[in-house]
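Structure file data_20.pdb with PDB, C-alpha atoms:
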MODEL        1
ATOM      1  CA  MET A   1      10.910  11.015   3.534
ATOM      2  CA  LYS A   2      10.912   8.721   6.551
ATOM      3  CA  VAL A   3      10.673   5.001   5.897
ATOM      4  CA  CYS A   4       9.365   2.979   8.797
ATOM      5  CA  GLY A   5       9.287  -0.682   9.785
ATOM      6  CA  LEU A   6      12.695  -1.814   8.559
ATOM      7  CA  THR A   7      13.846  -5.299   9.520
ATOM      8  CA  VAL A   8      16.781  -5.992   7.150
ATOM      9  CA  PRO A   9      20.051  -4.028   7.093
ATOM     10  CA  ARG A  10      20.507  -3.953   3.307
ATOM     11  CA  GLU A  11      16.973  -2.624   2.847
ATOM     12  CA  ALA A  12      17.656   0.131   5.372
ATOM     13  CA  ALA A  13      20.773   1.044   3.397
ATOM     14  CA  ALA A  14      18.702   1.145   0.206
ATOM     15  CA  CYS A  15      16.265   3.579   1.837
ATOM     16  CA  ALA A  16      19.149   5.853   2.755
ATOM     17  CA  GLU A  17      20.519   5.646  -0.787
ATOM     18  CA  ALA A  18      17.090   6.658  -2.113
ATOM     19  CA  GLY A  19      17.208   9.831  -0.016
ATOM     20  CA  ALA A  20      15.382   9.006   3.228
ATOM     21  CA  TRP A  21      16.222  11.469   6.007
ATOM     22  CA  ALA A  22      15.055   8.952   8.627
ATOM     23  CA  VAL A  23      14.566   5.213   8.988
ATOM     24  CA  GLY A  24      12.337   3.692  11.638
ATOM     25  CA  VAL A  25      12.430   0.385  13.501
ATOM     26  CA  VAL A  26       9.329  -0.802  15.320
ATOM     27  CA  PHE A  27       9.425  -2.145  18.865
ATOM     28  CA  ALA A  28       5.635  -2.421  19.327
ATOM     29  CA  ALA A  29       4.580  -5.981  20.148
ATOM     30  CA  GLU A  30       1.424  -5.705  18.017
ATOM     31  CA  SER A  31       3.316  -5.005  14.798
ATOM     32  CA  PRO A  32       4.267  -7.594  12.161
ATOM     33  CA  ARG A  33       7.372  -5.415  11.678
ATOM     34  CA  ARG A  34       8.484  -5.703  15.294
ATOM     35  CA  VAL A  35      12.207  -6.152  15.923
ATOM     36  CA  ASP A  36      14.184  -6.741  19.088
ATOM     37  CA  ILE A  37      17.059  -4.494  20.131
ATOM     38  CA  PRO A  38      19.890  -6.608  18.636
ATOM     39  CA  THR A  39      18.086  -6.808  15.279
ATOM     40  CA  ALA A  40      17.321  -3.090  15.346
ATOM     41  CA  ALA A  41      20.979  -2.361  16.074
ATOM     42  CA  ARG A  42      22.043  -4.343  12.990
ATOM     43  CA  VAL A  43      19.458  -2.615  10.816
ATOM     44  CA  LEU A  44      20.414   0.869  11.968
ATOM     45  CA  ALA A  45      24.145   0.178  11.735
ATOM     46  CA  ALA A  46      23.678  -0.069   7.951
ATOM     47  CA  LEU A  47      22.767   3.620   7.748
ATOM     48  CA  PRO A  48      25.147   6.504   7.067
ATOM     49  CA  SER A  49      25.637   8.828  10.010
ATOM     50  CA  GLU A  50      23.466  11.641   8.631
ATOM     51  CA  VAL A  51      20.297   9.496   8.484
ATOM     52  CA  ARG A  52      18.102   9.712  11.579
ATOM     53  CA  ARG A  53      17.426   6.475  13.482
ATOM     54  CA  VAL A  54      13.902   6.371  14.893
ATOM     55  CA  GLY A  55      12.530   3.840  17.355
ATOM     56  CA  VAL A  56       8.748   3.417  17.203
ATOM     57  CA  PHE A  57       6.927   2.495  20.422
ATOM     58  CA  VAL A  58       3.353   1.920  21.576
ATOM     59  CA  ASP A  59       2.494   2.397  25.274
ATOM     60  CA  ALA A  60       6.151   1.826  26.161
ATOM     61  CA  SER A  61       7.607   2.317  29.618
ATOM     62  CA  LEU A  62      10.474   4.741  30.152
ATOM     63  CA  ASP A  63      12.755   1.792  30.868
ATOM     64  CA  GLU A  64      11.896   0.280  27.474
ATOM     65  CA  LEU A  65      12.594   3.564  25.720
ATOM     66  CA  VAL A  66      15.949   3.987  27.427
ATOM     67  CA  ALA A  67      17.023   0.385  26.764
ATOM     68  CA  ALA A  68      16.249   0.686  23.063
ATOM     69  CA  ALA A  69      17.785   4.128  22.722
ATOM     70  CA  ARG A  70      21.041   2.978  24.287
ATOM     71  CA  GLY A  71      21.019  -0.475  22.718
ATOM     72  CA  CYS A  72      20.784   0.566  19.095
ATOM     73  CA  GLY A  73      21.847   4.183  18.902
ATOM     74  CA  LEU A  74      18.513   5.871  18.306
ATOM     75  CA  THR A  75      18.434   9.560  17.435
ATOM     76  CA  HIS A  76      14.646   9.933  17.965
ATOM     77  CA  VAL A  77      11.838   8.107  19.759
ATOM     78  CA  GLN A  78       8.399   7.971  18.158
ATOM     79  CA  LEU A  79       5.547   7.479  20.600
ATOM     80  CA  HIS A  80       2.047   6.146  20.007
ATOM     81  CA  GLY A  81      -0.743   5.397  22.456
ATOM     82  CA  GLU A  82      -0.476   6.608  26.035
ATOM     83  CA  SER A  83       2.703   8.638  26.234
ATOM     84  CA  ASP A  84       4.372  11.318  28.296
ATOM     85  CA  VAL A  85       6.418  13.350  25.838
ATOM     86  CA  ALA A  86       8.368  15.343  28.419
ATOM     87  CA  ALA A  87       9.237  12.266  30.482
ATOM     88  CA  ALA A  88      10.353  10.356  27.378
ATOM     89  CA  ARG A  89      12.574  13.217  26.279
ATOM     90  CA  GLU A  90      14.107  13.589  29.734
ATOM     91  CA  ALA A  91      14.716   9.853  30.159
ATOM     92  CA  THR A  92      16.292   9.282  26.760
ATOM     93  CA  GLY A  93      17.803  12.690  26.035
ATOM     94  CA  LEU A  94      16.345  12.398  22.520
ATOM     95  CA  PRO A  95      13.841  14.372  20.431
ATOM     96  CA  VAL A  96      10.318  12.953  20.470
ATOM     97  CA  ILE A  97       8.038  12.350  17.508
ATOM     98  CA  LEU A  98       4.410  12.000  18.603
ATOM     99  CA  GLY A  99       2.058   9.901  16.486
ATOM    100  CA  ILE A 100      -1.422  11.422  16.414
ATOM    101  CA  PRO A 101      -4.405   9.522  14.960
ATOM    102  CA  PHE A 102      -6.255  11.931  12.688
ATOM    103  CA  ASP A 103      -9.911  11.648  13.636
ATOM    104  CA  GLY A 104     -11.103  15.133  12.740
ATOM    105  CA  PRO A 105     -10.518  18.791  13.633
ATOM    106  CA  ASP A 106      -9.525  18.087  17.241
ATOM    107  CA  ALA A 107      -6.380  16.311  16.039
ATOM    108  CA  ALA A 108      -4.821  19.593  14.955
ATOM    109  CA  GLY A 109      -5.407  21.007  18.425
ATOM    110  CA  ARG A 110      -3.737  17.991  20.011
ATOM    111  CA  ALA A 111      -0.765  18.489  17.708
ATOM    112  CA  ASP A 112      -0.434  22.156  18.602
ATOM    113  CA  ALA A 113      -0.742  21.412  22.317
ATOM    114  CA  SER A 114       1.785  18.601  22.344
ATOM    115  CA  GLY A 115       5.277  19.239  23.562
ATOM    116  CA  ALA A 116       6.719  16.894  20.942
ATOM    117  CA  ASP A 117       9.598  17.927  18.719
ATOM    118  CA  LEU A 118       7.714  16.581  15.692
ATOM    119  CA  VAL A 119       4.157  15.346  15.190
ATOM    120  CA  LEU A 120       3.009  12.722  12.728
ATOM    121  CA  PHE A 121      -0.597  12.304  11.641
ATOM    122  CA  ASP A 122      -1.749   8.800  10.760
ATOM    123  CA  ALA A 123      -5.125   7.239  10.065
ATOM    124  CA  ALA A 124      -7.291   6.595  13.117
ATOM    125  CA  VAL A 125      -7.918   2.836  13.064
ATOM    126  CA  PRO A 126      -9.528   1.444  16.242
ATOM    127  CA  GLY A 127      -7.129  -0.782  18.140
ATOM    128  CA  ARG A 128      -4.174  -0.030  15.844
ATOM    129  CA  HIS A 129      -1.299   2.418  16.000
ATOM    130  CA  GLY A 130      -0.053   2.871  12.456
ATOM    131  CA  GLY A 131       1.292   0.569   9.785
ATOM    132  CA  THR A 132      -2.231  -0.273   8.629
ATOM    133  CA  GLY A 133      -2.030   1.048   5.075
ATOM    134  CA  THR A 134      -5.174   3.078   5.757
ATOM    135  CA  ARG A 135      -5.361   6.567   4.314
ATOM    136  CA  LEU A 136      -6.608   9.430   6.452
ATOM    137  CA  ASP A 137      -8.873  12.196   5.138
ATOM    138  CA  TRP A 138      -6.389  14.449   3.349
ATOM    139  CA  ASP A 139      -8.930  17.151   2.604
ATOM    140  CA  ALA A 140     -10.012  17.365   6.247
ATOM    141  CA  LEU A 141      -6.398  17.665   7.371
ATOM    142  CA  ALA A 142      -5.648  20.281   4.721
ATOM    143  CA  ALA A 143      -8.669  22.283   5.881
ATOM    144  CA  GLY A 144      -7.768  22.011   9.571
ATOM    145  CA  ARG A 145      -4.002  22.133   9.594
ATOM    146  CA  PRO A 146      -2.167  22.622  12.890
ATOM    147  CA  ARG A 147      -0.122  25.774  13.349
ATOM    148  CA  ARG A 148       3.081  23.759  13.612
ATOM    149  CA  ASP A 149       4.992  21.627  11.104
ATOM    150  CA  PHE A 150       3.756  18.053  10.809
ATOM    151  CA  GLY A 151       4.317  14.766   9.034
ATOM    152  CA  LEU A 152       1.818  12.671   7.098
ATOM    153  CA  ALA A 153       1.520   8.869   7.195
ATOM    154  CA  GLY A 154      -1.180   6.358   6.380
ATOM    155  CA  GLY A 155      -1.785   4.573   3.098
ATOM    156  CA  LEU A 156       0.899   6.424   1.168
ATOM    157  CA  SER A 157       2.409   4.772  -1.899
ATOM    158  CA  PRO A 158       4.379   5.734  -5.013
ATOM    159  CA  SER A 159       1.096   6.184  -6.876
ATOM    160  CA  ASN A 160      -0.557   8.636  -4.478
ATOM    161  CA  VAL A 161       2.144  10.432  -2.489
ATOM    162  CA  ALA A 162       2.582  13.270  -4.994
ATOM    163  CA  ASP A 163      -1.138  14.028  -4.713
ATOM    164  CA  ALA A 164      -0.950  13.831  -0.913
ATOM    165  CA  VAL A 165       1.956  16.285  -0.790
ATOM    166  CA  ARG A 166       0.179  18.686  -3.141
ATOM    167  CA  ARG A 167      -3.076  18.639  -1.181
ATOM    168  CA  VAL A 168      -1.868  18.422   2.421
ATOM    169  CA  ARG A 169       1.540  20.149   2.232
ATOM    170  CA  PRO A 170       3.153  18.234   5.103
ATOM    171  CA  SER A 171       6.680  18.935   6.265
ATOM    172  CA  PHE A 172       7.567  15.299   5.644
ATOM    173  CA  VAL A 173       5.939  12.021   4.657
ATOM    174  CA  ASP A 174       6.282   8.648   6.348
ATOM    175  CA  VAL A 175       5.814   5.361   4.483
ATOM    176  CA  SER A 176       5.835   1.722   5.526
ATOM    177  CA  SER A 177       3.438  -0.745   3.886
ATOM    178  CA  GLY A 178       3.266   1.287   0.665
ATOM    179  CA  VAL A 179       6.828   0.319  -0.286
ATOM    180  CA  GLU A 180       6.788  -3.306   0.884
ATOM    181  CA  SER A 181       6.891  -6.677  -0.820
ATOM    182  CA  ALA A 182       5.757  -8.253   2.491
ATOM    183  CA  PRO A 183       5.344  -6.884   6.035
ATOM    184  CA  GLY A 184       8.726  -5.590   7.141
ATOM    185  CA  ARG A 185      10.380  -6.206   3.762
ATOM    186  CA  LYS A 186      10.993  -3.017   1.802
ATOM    187  CA  ASP A 187      11.224  -3.164  -1.985
ATOM    188  CA  PRO A 188      14.110  -0.863  -3.018
ATOM    189  CA  ALA A 189      12.505  -0.159  -6.400
ATOM    190  CA  LEU A 190       9.276   0.976  -4.704
ATOM    191  CA  VAL A 191      11.263   3.114  -2.264
ATOM    192  CA  ARG A 192      13.009   4.843  -5.170
ATOM    193  CA  ARG A 193       9.707   5.387  -6.984
ATOM    194  CA  PHE A 194       8.206   6.817  -3.804
ATOM    195  CA  MET A 195      11.076   9.257  -3.369
ATOM    196  CA  GLU A 196      10.911  10.306  -7.028
ATOM    197  CA  ALA A 197       7.187  11.002  -6.612
ATOM    198  CA  VAL A 198       7.821  13.065  -3.455
ATOM    199  CA  ASP A 199      10.475  15.107  -5.249
ATOM    200  CA  GLY A 200       8.118  15.677  -8.156
TER     201      GLY A 200
ENDMDL
END
Go ahead and express the file in the form of structure tokens.
Amino acid sequence: MKVCGLTVPREAAACAEAGAWAVGVVFAAESPRRVDIPTAARVLAALPSEVRRVGVFVDASLDELVAAARGCGLTHVQLHGESDVAAAREATGLPVILGIPFDGPDAAGRADASGADLVLFDAAVPGRHGGTGTRLDWDALAAGRPRRDFGLAGGLSPSNVADAVRRVRPSFVDVSSGVESAPGRKDPALVRRFMEAVDG
């Protein structure tokens, strides 16, 4: 389980305690969960060393990626929008997660062709890059899976994630709005319920 859009250190720590393998902080200007580098550093400092620290970016320059990676100790960069995976990896020295809007069968081909270390499918919402709470078509993804491992995001919650895992069989799931009390504020009880549902 990856929990994305953290803004408060104690809530990041609660996600780790619930069993998250990764916690994400969002640097995209369009997001209500956006944090600056000093805030992200405080959030990520609350995590134990084994939990991955992911910075989420939309149409970011290489300079922005490097500044964030160095400024808050990222272990991964997650790219959305226009992105050069190889250049981002070379500039930061970090593994790259590529966000791919799932808009039909072609999305699996884009995932297989990407040079990213991990790929993450999210709902295709015009003008948005994740964090919308919109569910993608699980059956279409299950029927047209990529050849590689992938993650699933988009509209996941404690009430539906077990069904999503059963039907889609992703390598990991990524949640943000589905475990929130308000944008950017994670509810530890919902995070625990989500993890329990994932574990079955």
Show which residues sit within 8 Å of range 130-146 of chain A, as a ChimeraX atom specification. Count only C-alpha atoms, and ignore same-chain residues fewer than 3 positions away. /A:31,102,104-105,108-109,111-112,122-125,149-150,153-156,164,167-169,176-178
Determine the residue set returned by the PyMOL selection byres ((chain A and resi 200) around 12) for the present structure, and present it as a count of residues only. 16
Atom-to-atom span, CA of Ala67 in chain A and CA of Gly184 in chain A, Å: 22.1 Å
Check what the PyMOL selection byres ((chain A and resi 66) around 10) selects in the file above and give those residues as a PyMOL selection string. chain A and resi 61-65+67-71+74+77+88-89+91-94
Residue nearest Glu50 in chain A among A:Val191, A:Ala22, A:Leu79, A:Val35 (counting all atoms listed in the file): A:Ala22
Quick one: distance from CA of Asp103 in chain A to CA of Phe121 in chain A in Å, one decimal?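 One can read the CA of Asp103 in chain A to CA of Phe121 in chain A distance as 9.5 Å.
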Of the candidates A:His80, A:Arg110, A:Arg147, A:Arg52, which one gets nearest to Lys2 in chain A if we count all atoms listed in the file?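 Of A:His80, A:Arg110, A:Arg147, A:Arg52, the one nearest Lys2 in chain A is A:Arg52, counting all atoms listed in the file.
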Axis-aligned box for range 102-110 of chain A, 8 Å per side, centre and edges in Å as AutoDock Vina command-line options:
--center_x -7.4 --center_y 16.3 --center_z 16.3 --size_x 23.4 --size_y 25.4 --size_z 23.3
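Of the listed residues (A:Ala16, A:Val85, A:Ser49, A:Met1), A:Met1 comes nearest to Ser171 in chain A; the distances count only C-alpha atoms.
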CA of Gly81 in chain A to CA of Ala13 in chain A, straight-line distance in Å: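 Computed distance, CA of Ala13 in chain A to CA of Gly81 in chain A, equals 29.1 Å.
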Considering all atoms listed in the file, state which residue in the set A:Phe27, A:Phe57, A:Trp21, A:Phe172 is at the smallest distance from Ala40 in chain A.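 Distance minimum relative to Ala40 in chain A lands on A:Phe27.
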Please determine, counting only C-alpha atoms, which residue among A:Ala14, A:Leu152, A:Val119, A:Cys72 has the shortest atom-to-atom distance to Leu44 in chain A. A:Cys72
Please identify all polymer residues within 8 Å of Glu11 in chain A, counting all atoms listed in the file, omitting same-chain residues fewer than 5 positions from it, and present them as a list of chain:residue names.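 What passes the distance filter is A:Leu6, A:Arg185, A:Lys186, A:Asp187, A:Pro188.
Distance annotation: of A:Ala182, A:Val173, A:Ala113, A:Val3, the residue with the minimal separation from Arg53 in chain A is A:Val3; atom set is only C-alpha atoms.
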Using all atoms listed in the file - which residues lie no farther than 6 Å from the point (9.0, -5.8, 9.7) in the file's frame? Write them as a list in words.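 Checking each residue against the 6 Å limit leaves Gly5, Leu6, Thr7, Pro32, Arg33, Arg34, Pro183 and Gly184 of chain A.
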